[in-house]
Amino acid sequence: MPCAASIGVDEVQWQRGHKYLTLVYQIDAGSKRFLWIGKDRTTKTFLRFFRMLGKERSGKLKFICSDLWKPYLKVIAKKSGGAIHVLDRFHLMQKMNKAIDEVRAAETKRLKQDGYEPVLKHSRWCLLKRPENLTEKQTVKLSALLQYNLQSIRAYLLREDFQRFGEYTSPGWATRFLVEWCTRTMRSKLDPMKKVARTLKNHRELVLNWFRAKGALSAGTVEGFNHKVKLTTRKSYGFRTYEAVEIA
């Protein structure tokens, strides 16, 4: 195996009942490809990848991209502590969207119980999609919702404001923005969003590593590969055994 400088690790579900696979990809600018697959998404699973890679090649890794799954964080710190560990921004935004959806669901239930107009009906994708991806109907709906002082809208605006985080080029200014955003979010009284802010604060250095590696890798590559894996799984109507996955 040619030596990779940048790798990305993620998991995909291949069967119902929390059956996952750990997938590792090379995501260097000039070479993007699948490297390794392991059953489950445990610490032992990921350690097997590094045993296969060997100490010499593990030591040559410059960048590793992953989400916040604890076994990944633990193994990367142990086996490749010299690499810049970058948290996948796609998963960070996923966490924010989940938080917005929790706020929206709770507020919808509360408004109904209190006898208010169901203003949040059919609003889920208006709040979760990026503004540029909204349909005309969804754009109109979002414009109407923005007129209300809703918790769901406050959560939505916090996420949209966080998009500015990726526009910085200096880790110093990005740090200042992140601290200010987390402070405002912790004062928002929106518990799901506050949970996201705590996660960002607890993993601040890993979040900021995205700027230290900016231009050297694209975390979106991992999601692109995973999409292809999921598409293959659907086309094959799932896999009955792990051995069938390896052959595919």
# chains A, B, ... in the order shown; residues from 1 in each chain; ligands from 1

call {"tool": "residues_around", "arguments": {"residues": "Val9 (chain A)", "least_positions_apart": "4", "cutoff": "10 Å", "atoms": "only C-alpha atoms", "output": "JSON, numbers by chain"}}
result
{"A": [22, 23, 24, 25, 26, 27, 35, 36, 37, 46, 64, 65, 66, 67, 72, 88, 219, 222, 223]}

call {"tool": "write_last_selection", "arguments": {"atoms": "C-alpha atoms", "output": "PDB file, in the first residue's frame"}}
result
ATOM      1  CA  THR A  22     -15.593   1.143  10.068  1.00  0.00           C
ATOM      2  CA  LEU A  23     -14.248   2.508   6.793  1.00  0.00           C
ATOM      3  CA  VAL A  24     -10.912   4.224   6.218  1.00  0.00           C
ATOM      4  CA  TYR A  25     -10.113   6.266   3.113  1.00  0.00           C
ATOM      5  CA  GLN A  26      -7.054   7.990   1.763  1.00  0.00           C
ATOM      6  CA  ILE A  27      -8.044  11.627   1.200  1.00  0.00           C
ATOM      7  CA  LEU A  35      -8.129   1.803   2.083  1.00  0.00           C
ATOM      8  CA  TRP A  36      -9.640  -0.526   4.665  1.00  0.00           C
ATOM      9  CA  ILE A  37     -12.867  -1.931   6.109  1.00  0.00           C
ATOM     10  CA  PHE A  46      -9.902   0.751  14.529  1.00  0.00           C
ATOM     11  CA  ILE A  64      -6.635  12.408  10.095  1.00  0.00           C
ATOM     12  CA  CYS A  65     -10.283  13.359   9.729  1.00  0.00           C
ATOM     13  CA  SER A  66     -13.016  11.813  11.882  1.00  0.00           C
ATOM     14  CA  ASP A  67     -16.218  12.535  13.737  1.00  0.00           C
ATOM     15  CA  TYR A  72     -11.919   7.029  16.986  1.00  0.00           C
ATOM     16  CA  ASP A  88     -15.330  16.522  10.298  1.00  0.00           C
ATOM     17  CA  ALA A 219     -13.588  16.065   4.772  1.00  0.00           C
ATOM     18  CA  VAL A 222     -15.255  10.872   3.208  1.00  0.00           C
ATOM     19  CA  GLU A 223     -18.959  11.638   2.908  1.00  0.00           C
TER      20      GLU A 223
END

call {"tool": "residues_around", "arguments": {"residues": "region 135-148 of chain A", "least_positions_apart": "3", "cutoff": "12 Å", "atoms": "only C-alpha atoms", "output": "PyMOL selection string"}}
result
chain A and resi 104+117-132+151-157

call {"tool": "residues_around", "arguments": {"residues": "Thr199 (chain A)", "least_positions_apart": "3", "cutoff": "10 Å", "atoms": "only C-alpha atoms", "output": "list in words"}}
result
Leu68, Leu92, Lys95, Cys182, Met193, Lys194, Lys195, Val196, Asn202, His203, Arg204 and Val207 of chain A

call {"tool": "write_last_selection", "arguments": {"atoms": "N, CA and C atoms", "output": "PDB file, in the first residue's frame"}}
result
ATOM      1  N   LEU A  68     -16.857  12.619  16.098  1.00  0.00           N
ATOM      2  CA  LEU A  68     -16.580  12.642  17.535  1.00  0.00           C
ATOM      3  C   LEU A  68     -16.797  11.296  18.214  1.00  0.00           C
ATOM      4  N   LEU A  92     -20.338  18.017  12.582  1.00  0.00           N
ATOM      5  CA  LEU A  92     -20.664  19.102  13.503  1.00  0.00           C
ATOM      6  C   LEU A  92     -21.991  19.747  13.110  1.00  0.00           C
ATOM      7  N   LYS A  95     -24.907  17.592  14.017  1.00  0.00           N
ATOM      8  CA  LYS A  95     -25.293  17.735  15.417  1.00  0.00           C
ATOM      9  C   LYS A  95     -26.160  18.977  15.616  1.00  0.00           C
ATOM     10  N   CYS A 182     -20.156  30.166  21.384  1.00  0.00           N
ATOM     11  CA  CYS A 182     -20.500  29.237  22.457  1.00  0.00           C
ATOM     12  C   CYS A 182     -21.086  29.971  23.660  1.00  0.00           C
ATOM     13  N   MET A 193     -29.203  23.073  21.794  1.00  0.00           N
ATOM     14  CA  MET A 193     -28.130  23.890  21.237  1.00  0.00           C
ATOM     15  C   MET A 193     -27.005  24.088  22.250  1.00  0.00           C
ATOM     16  N   LYS A 194     -27.356  24.187  23.513  1.00  0.00           N
ATOM     17  CA  LYS A 194     -26.344  24.317  24.561  1.00  0.00           C
ATOM     18  C   LYS A 194     -25.483  23.054  24.624  1.00  0.00           C
ATOM     19  N   LYS A 195     -26.093  21.911  24.351  1.00  0.00           N
ATOM     20  CA  LYS A 195     -25.342  20.655  24.322  1.00  0.00           C
ATOM     21  C   LYS A 195     -24.297  20.684  23.207  1.00  0.00           C
ATOM     22  N   VAL A 196     -24.676  21.239  22.057  1.00  0.00           N
ATOM     23  CA  VAL A 196     -23.733  21.375  20.944  1.00  0.00           C
ATOM     24  C   VAL A 196     -22.587  22.301  21.336  1.00  0.00           C
ATOM     25  N   ASN A 202     -15.567  21.489  24.578  1.00  0.00           N
ATOM     26  CA  ASN A 202     -14.781  20.364  25.084  1.00  0.00           C
ATOM     27  C   ASN A 202     -13.779  19.841  24.054  1.00  0.00           C
ATOM     28  N   HIS A 203     -14.048  20.105  22.770  1.00  0.00           N
ATOM     29  CA  HIS A 203     -13.147  19.620  21.713  1.00  0.00           C
ATOM     30  C   HIS A 203     -12.637  20.788  20.864  1.00  0.00           C
ATOM     31  N   ARG A 204     -12.417  21.913  21.522  1.00  0.00           N
ATOM     32  CA  ARG A 204     -12.073  23.139  20.801  1.00  0.00           C
ATOM     33  C   ARG A 204     -10.830  22.981  19.934  1.00  0.00           C
ATOM     34  N   VAL A 207     -11.560  21.027  16.851  1.00  0.00           N
ATOM     35  CA  VAL A 207     -12.383  21.823  15.930  1.00  0.00           C
ATOM     36  C   VAL A 207     -11.509  22.823  15.177  1.00  0.00           C
TER      37      VAL A 207
END

call {"tool": "atom_distance", "arguments": {"atom1": "CA of Ser6 (chain A)", "atom2": "CA of Lys78 (chain A)"}}
result
16.8 Å

call {"tool": "atom_distance", "arguments": {"atom1": "CA of Lys79 (chain A)", "atom2": "CA of Gly54 (chain A)"}}
result
9.8 Å

call {"tool": "atom_distance", "arguments": {"atom1": "CA of Arg198 (chain A)", "atom2": "CA of Met186 (chain A)"}}
result
8.1 Å

call {"tool": "select_by_dssp", "arguments": {"residues": "region 11-167 of chain A", "states": "alpha helix (DSSP H)", "output": "MDAnalysis selection string"}}
result
chainID A and resid 43:59 70:79 89:113 124:128 136:145 151:162

call {"tool": "write_last_selection", "arguments": {"atoms": "C-alpha atoms", "output": "PDB file, in the first residue's frame"}}
result
ATOM      1  CA  THR A  43     -11.735   0.676  19.607  1.00  0.00           C
ATOM      2  CA  LYS A  44     -10.525  -2.843  18.758  1.00  0.00           C
ATOM      3  CA  THR A  45     -11.807  -2.464  15.198  1.00  0.00           C
ATOM      4  CA  PHE A  46      -9.902   0.751  14.529  1.00  0.00           C
ATOM      5  CA  LEU A  47      -6.773  -0.560  16.230  1.00  0.00           C
ATOM      6  CA  ARG A  48      -6.728  -3.375  13.661  1.00  0.00           C
ATOM      7  CA  PHE A  49      -6.379  -0.759  10.910  1.00  0.00           C
ATOM      8  CA  PHE A  50      -3.278   0.728  12.542  1.00  0.00           C
ATOM      9  CA  ARG A  51      -1.790  -2.729  13.075  1.00  0.00           C
ATOM     10  CA  MET A  52      -2.271  -3.359   9.372  1.00  0.00           C
ATOM     11  CA  LEU A  53      -0.764   0.039   8.531  1.00  0.00           C
ATOM     12  CA  GLY A  54       2.262  -0.497  10.748  1.00  0.00           C
ATOM     13  CA  LYS A  55       4.234   1.920  12.944  1.00  0.00           C
ATOM     14  CA  GLU A  56       6.307   3.422  10.135  1.00  0.00           C
ATOM     15  CA  ARG A  57       3.392   4.378   7.897  1.00  0.00           C
ATOM     16  CA  SER A  58       1.261   5.429  10.885  1.00  0.00           C
ATOM     17  CA  GLY A  59       4.054   7.799  11.877  1.00  0.00           C
ATOM     18  CA  LYS A  70     -15.039   8.202  21.198  1.00  0.00           C
ATOM     19  CA  PRO A  71     -13.247   5.042  19.966  1.00  0.00           C
ATOM     20  CA  TYR A  72     -11.919   7.029  16.986  1.00  0.00           C
ATOM     21  CA  LEU A  73     -10.690   9.871  19.195  1.00  0.00           C
ATOM     22  CA  LYS A  74      -8.998   7.421  21.562  1.00  0.00           C
ATOM     23  CA  VAL A  75      -7.232   5.370  18.891  1.00  0.00           C
ATOM     24  CA  ILE A  76      -6.058   8.375  16.860  1.00  0.00           C
ATOM     25  CA  ALA A  77      -4.530   9.986  19.959  1.00  0.00           C
ATOM     26  CA  LYS A  78      -2.774   6.725  20.843  1.00  0.00           C
ATOM     27  CA  LYS A  79      -1.578   5.556  17.431  1.00  0.00           C
ATOM     28  CA  ARG A  89     -17.380  19.730   9.950  1.00  0.00           C
ATOM     29  CA  PHE A  90     -20.147  17.797   8.224  1.00  0.00           C
ATOM     30  CA  HIS A  91     -20.796  15.900  11.458  1.00  0.00           C
ATOM     31  CA  LEU A  92     -20.664  19.102  13.503  1.00  0.00           C
ATOM     32  CA  MET A  93     -23.423  20.561  11.332  1.00  0.00           C
ATOM     33  CA  GLN A  94     -25.304  17.282  11.651  1.00  0.00           C
ATOM     34  CA  LYS A  95     -25.293  17.735  15.417  1.00  0.00           C
ATOM     35  CA  MET A  96     -26.625  21.275  15.038  1.00  0.00           C
ATOM     36  CA  ASN A  97     -29.412  20.121  12.740  1.00  0.00           C
ATOM     37  CA  LYS A  98     -30.372  17.422  15.225  1.00  0.00           C
ATOM     38  CA  ALA A  99     -30.493  20.066  17.967  1.00  0.00           C
ATOM     39  CA  ILE A 100     -32.690  22.364  15.842  1.00  0.00           C
ATOM     40  CA  ASP A 101     -35.043  19.467  15.133  1.00  0.00           C
ATOM     41  CA  GLU A 102     -35.318  18.693  18.847  1.00  0.00           C
ATOM     42  CA  VAL A 103     -36.135  22.332  19.629  1.00  0.00           C
ATOM     43  CA  ARG A 104     -38.719  22.428  16.805  1.00  0.00           C
ATOM     44  CA  ALA A 105     -40.417  19.173  17.853  1.00  0.00           C
ATOM     45  CA  ALA A 106     -40.701  20.246  21.502  1.00  0.00           C
ATOM     46  CA  GLU A 107     -41.971  23.711  20.561  1.00  0.00           C
ATOM     47  CA  THR A 108     -44.540  22.296  18.121  1.00  0.00           C
ATOM     48  CA  LYS A 109     -45.917  20.060  20.878  1.00  0.00           C
ATOM     49  CA  ARG A 110     -45.994  22.927  23.378  1.00  0.00           C
ATOM     50  CA  LEU A 111     -47.788  25.319  20.992  1.00  0.00           C
ATOM     51  CA  LYS A 112     -50.417  22.680  20.274  1.00  0.00           C
ATOM     52  CA  GLN A 113     -50.978  22.007  23.979  1.00  0.00           C
ATOM     53  CA  ARG A 124     -38.930  20.854   9.400  1.00  0.00           C
ATOM     54  CA  TRP A 125     -36.979  21.068   6.155  1.00  0.00           C
ATOM     55  CA  CYS A 126     -37.295  24.851   6.040  1.00  0.00           C
ATOM     56  CA  LEU A 127     -35.149  24.928   9.169  1.00  0.00           C
ATOM     57  CA  LEU A 128     -32.781  22.054   8.394  1.00  0.00           C
ATOM     58  CA  GLU A 136     -39.693  28.317  -3.537  1.00  0.00           C
ATOM     59  CA  LYS A 137     -42.455  27.107  -1.228  1.00  0.00           C
ATOM     60  CA  GLN A 138     -39.992  26.433   1.582  1.00  0.00           C
ATOM     61  CA  THR A 139     -38.420  29.871   1.133  1.00  0.00           C
ATOM     62  CA  VAL A 140     -41.832  31.510   1.558  1.00  0.00           C
ATOM     63  CA  LYS A 141     -42.533  29.395   4.639  1.00  0.00           C
ATOM     64  CA  LEU A 142     -39.171  30.289   6.200  1.00  0.00           C
ATOM     65  CA  SER A 143     -39.715  34.000   5.509  1.00  0.00           C
ATOM     66  CA  ALA A 144     -43.024  33.792   7.355  1.00  0.00           C
ATOM     67  CA  LEU A 145     -41.488  31.943  10.312  1.00  0.00           C
ATOM     68  CA  GLN A 151     -37.283  29.114  19.941  1.00  0.00           C
ATOM     69  CA  SER A 152     -36.968  27.138  16.702  1.00  0.00           C
ATOM     70  CA  ILE A 153     -36.037  30.307  14.815  1.00  0.00           C
ATOM     71  CA  ARG A 154     -33.490  31.288  17.457  1.00  0.00           C
ATOM     72  CA  ALA A 155     -31.884  27.845  17.130  1.00  0.00           C
ATOM     73  CA  TYR A 156     -31.921  28.173  13.336  1.00  0.00           C
ATOM     74  CA  LEU A 157     -30.268  31.606  13.466  1.00  0.00           C
ATOM     75  CA  LEU A 158     -27.549  30.303  15.794  1.00  0.00           C
ATOM     76  CA  ARG A 159     -26.714  27.605  13.273  1.00  0.00           C
ATOM     77  CA  GLU A 160     -26.704  30.067  10.379  1.00  0.00           C
ATOM     78  CA  ASP A 161     -24.428  32.386  12.336  1.00  0.00           C
ATOM     79  CA  PHE A 162     -22.040  29.479  12.974  1.00  0.00           C
TER      80      PHE A 162
END

call {"tool": "closest_residue", "arguments": {"among": "A:Val12, A:Ala174, A:Ile7, A:Ala213", "to": "Gly38 (chain A)", "atoms": "only C-alpha atoms"}}
result
A:Val12

call {"tool": "decode", "arguments": {"residues": "region 132-174 of chain A", "atoms": "N, CA and C atoms", "output": "mmCIF file, in the first residue's frame"}}
result
data_model
loop_
_atom_site.group_PDB
_atom_site.id
_atom_site.type_symbol
_atom_site.label_atom_id
_atom_site.label_comp_id
_atom_site.auth_asym_id
_atom_site.auth_seq_id
_atom_site.Cartn_x
_atom_site.Cartn_y
_atom_site.Cartn_z
ATOM 1 N N GLU A 132 -29.896 28.255 0.410
ATOM 2 C CA GLU A 132 -29.743 28.155 -1.041
ATOM 3 C C GLU A 132 -30.335 26.873 -1.607
ATOM 4 N N ASN A 133 -30.666 25.903 -0.738
ATOM 5 C CA ASN A 133 -31.231 24.633 -1.201
ATOM 6 C C ASN A 133 -32.738 24.540 -1.026
ATOM 7 N N LEU A 134 -33.347 25.593 -0.500
ATOM 8 C CA LEU A 134 -34.791 25.581 -0.276
ATOM 9 C C LEU A 134 -35.565 25.691 -1.583
ATOM 10 N N THR A 135 -36.714 25.036 -1.611
ATOM 11 C CA THR A 135 -37.622 25.222 -2.741
ATOM 12 C C THR A 135 -38.298 26.578 -2.583
ATOM 13 N N GLU A 136 -38.996 27.020 -3.607
ATOM 14 C CA GLU A 136 -39.693 28.317 -3.537
ATOM 15 C C GLU A 136 -40.720 28.315 -2.409
ATOM 16 N N LYS A 137 -41.437 27.217 -2.275
ATOM 17 C CA LYS A 137 -42.455 27.107 -1.228
ATOM 18 C C LYS A 137 -41.818 27.139 0.156
ATOM 19 N N GLN A 138 -40.687 26.450 0.295
ATOM 20 C CA GLN A 138 -39.992 26.433 1.582
ATOM 21 C C GLN A 138 -39.407 27.792 1.924
ATOM 22 N N THR A 139 -38.953 28.527 0.918
ATOM 23 C CA THR A 139 -38.420 29.871 1.133
ATOM 24 C C THR A 139 -39.502 30.797 1.667
ATOM 25 N N VAL A 140 -40.691 30.697 1.102
ATOM 26 C CA VAL A 140 -41.832 31.510 1.558
ATOM 27 C C VAL A 140 -42.183 31.146 2.994
ATOM 28 N N LYS A 141 -42.203 29.859 3.281
ATOM 29 C CA LYS A 141 -42.533 29.395 4.639
ATOM 30 C C LYS A 141 -41.508 29.909 5.644
ATOM 31 N N LEU A 142 -40.230 29.823 5.297
ATOM 32 C CA LEU A 142 -39.171 30.289 6.200
ATOM 33 C C LEU A 142 -39.280 31.789 6.433
ATOM 34 N N SER A 143 -39.569 32.547 5.384
ATOM 35 C CA SER A 143 -39.715 34.000 5.509
ATOM 36 C C SER A 143 -40.832 34.347 6.488
ATOM 37 N N ALA A 144 -41.900 33.562 6.442
ATOM 38 C CA ALA A 144 -43.024 33.792 7.355
ATOM 39 C C ALA A 144 -42.625 33.450 8.791
ATOM 40 N N LEU A 145 -41.895 32.363 8.969
ATOM 41 C CA LEU A 145 -41.488 31.943 10.312
ATOM 42 C C LEU A 145 -40.543 32.939 10.957
ATOM 43 N N LEU A 146 -39.705 33.588 10.139
ATOM 44 C CA LEU A 146 -38.736 34.539 10.666
ATOM 45 C C LEU A 146 -39.384 35.762 11.309
ATOM 46 N N GLN A 147 -40.684 35.929 11.083
ATOM 47 C CA GLN A 147 -41.410 37.051 11.684
ATOM 48 C C GLN A 147 -41.796 36.767 13.132
ATOM 49 N N TYR A 148 -41.683 35.489 13.531
ATOM 50 C CA TYR A 148 -42.095 35.098 14.882
ATOM 51 C C TYR A 148 -40.881 34.974 15.804
ATOM 52 N N ASN A 149 -41.122 35.240 17.085
ATOM 53 C CA ASN A 149 -40.069 35.060 18.097
ATOM 54 C C ASN A 149 -40.168 33.640 18.656
ATOM 55 N N LEU A 150 -39.761 32.686 17.837
ATOM 56 C CA LEU A 150 -39.860 31.281 18.203
ATOM 57 C C LEU A 150 -38.500 30.740 18.640
ATOM 58 N N GLN A 151 -38.517 29.767 19.541
ATOM 59 C CA GLN A 151 -37.283 29.114 19.941
ATOM 60 C C GLN A 151 -36.642 28.414 18.740
ATOM 61 N N SER A 152 -37.476 27.829 17.888
ATOM 62 C CA SER A 152 -36.968 27.138 16.702
ATOM 63 C C SER A 152 -36.206 28.088 15.791
ATOM 64 N N ILE A 153 -36.700 29.311 15.658
ATOM 65 C CA ILE A 153 -36.037 30.307 14.815
ATOM 66 C C ILE A 153 -34.735 30.761 15.455
ATOM 67 N N ARG A 154 -34.732 30.909 16.769
ATOM 68 C CA ARG A 154 -33.490 31.288 17.457
ATOM 69 C C ARG A 154 -32.428 30.217 17.282
ATOM 70 N N ALA A 155 -32.832 28.942 17.346
ATOM 71 C CA ALA A 155 -31.884 27.845 17.130
ATOM 72 C C ALA A 155 -31.379 27.866 15.690
ATOM 73 N N TYR A 156 -32.281 28.105 14.756
ATOM 74 C CA TYR A 156 -31.921 28.173 13.336
ATOM 75 C C TYR A 156 -30.909 29.298 13.088
ATOM 76 N N LEU A 157 -31.154 30.462 13.673
ATOM 77 C CA LEU A 157 -30.268 31.606 13.466
ATOM 78 C C LEU A 157 -28.888 31.374 14.090
ATOM 79 N N LEU A 158 -28.839 30.639 15.196
ATOM 80 C CA LEU A 158 -27.549 30.303 15.794
ATOM 81 C C LEU A 158 -26.740 29.416 14.850
ATOM 82 N N ARG A 159 -27.427 28.457 14.224
ATOM 83 C CA ARG A 159 -26.714 27.605 13.273
ATOM 84 C C ARG A 159 -26.232 28.397 12.068
ATOM 85 N N GLU A 160 -27.089 29.269 11.539
ATOM 86 C CA GLU A 160 -26.704 30.067 10.379
ATOM 87 C C GLU A 160 -25.542 30.998 10.715
ATOM 88 N N ASP A 161 -25.535 31.530 11.925
ATOM 89 C CA ASP A 161 -24.428 32.386 12.336
ATOM 90 C C ASP A 161 -23.139 31.582 12.421
ATOM 91 N N PHE A 162 -23.237 30.321 12.845
ATOM 92 C CA PHE A 162 -22.040 29.479 12.974
ATOM 93 C C PHE A 162 -21.394 29.206 11.615
ATOM 94 N N GLN A 163 -22.154 29.348 10.533
ATOM 95 C CA GLN A 163 -21.589 29.118 9.204
ATOM 96 C C GLN A 163 -20.400 30.054 8.946
ATOM 97 N N ARG A 164 -20.372 31.203 9.620
ATOM 98 C CA ARG A 164 -19.265 32.152 9.441
ATOM 99 C C ARG A 164 -17.942 31.587 9.951
ATOM 100 N N PHE A 165 -18.032 30.576 10.833
ATOM 101 C CA PHE A 165 -16.835 29.964 11.403
ATOM 102 C C PHE A 165 -15.894 29.465 10.309
ATOM 103 N N GLY A 166 -16.457 28.868 9.276
ATOM 104 C CA GLY A 166 -15.641 28.317 8.199
ATOM 105 C C GLY A 166 -15.051 29.345 7.256
ATOM 106 N N GLU A 167 -15.434 30.604 7.404
ATOM 107 C CA GLU A 167 -14.931 31.655 6.516
ATOM 108 C C GLU A 167 -13.617 32.256 7.000
ATOM 109 N N TYR A 168 -13.252 31.972 8.247
ATOM 110 C CA TYR A 168 -12.008 32.531 8.774
ATOM 111 C C TYR A 168 -10.798 31.824 8.178
ATOM 112 N N THR A 169 -9.705 32.531 8.109
ATOM 113 C CA THR A 169 -8.440 31.956 7.642
ATOM 114 C C THR A 169 -7.417 31.886 8.768
ATOM 115 N N SER A 170 -7.658 32.644 9.830
ATOM 116 C CA SER A 170 -6.743 32.681 10.969
ATOM 117 C C SER A 170 -7.314 31.868 12.133
ATOM 118 N N PRO A 171 -6.554 30.887 12.660
ATOM 119 C CA PRO A 171 -7.014 30.143 13.836
ATOM 120 C C PRO A 171 -7.314 31.058 15.022
ATOM 121 N N GLY A 172 -6.554 32.165 15.129
ATOM 122 C CA GLY A 172 -6.769 33.095 16.236
ATOM 123 C C GLY A 172 -8.144 33.738 16.194
ATOM 124 N N TRP A 173 -8.510 34.281 15.028
ATOM 125 C CA TRP A 173 -9.828 34.898 14.876
ATOM 126 C C TRP A 173 -10.941 33.857 14.943
ATOM 127 N N ALA A 174 -10.675 32.663 14.427
ATOM 128 C CA ALA A 174 -11.657 31.583 14.498
ATOM 129 C C ALA A 174 -11.917 31.187 15.944
#
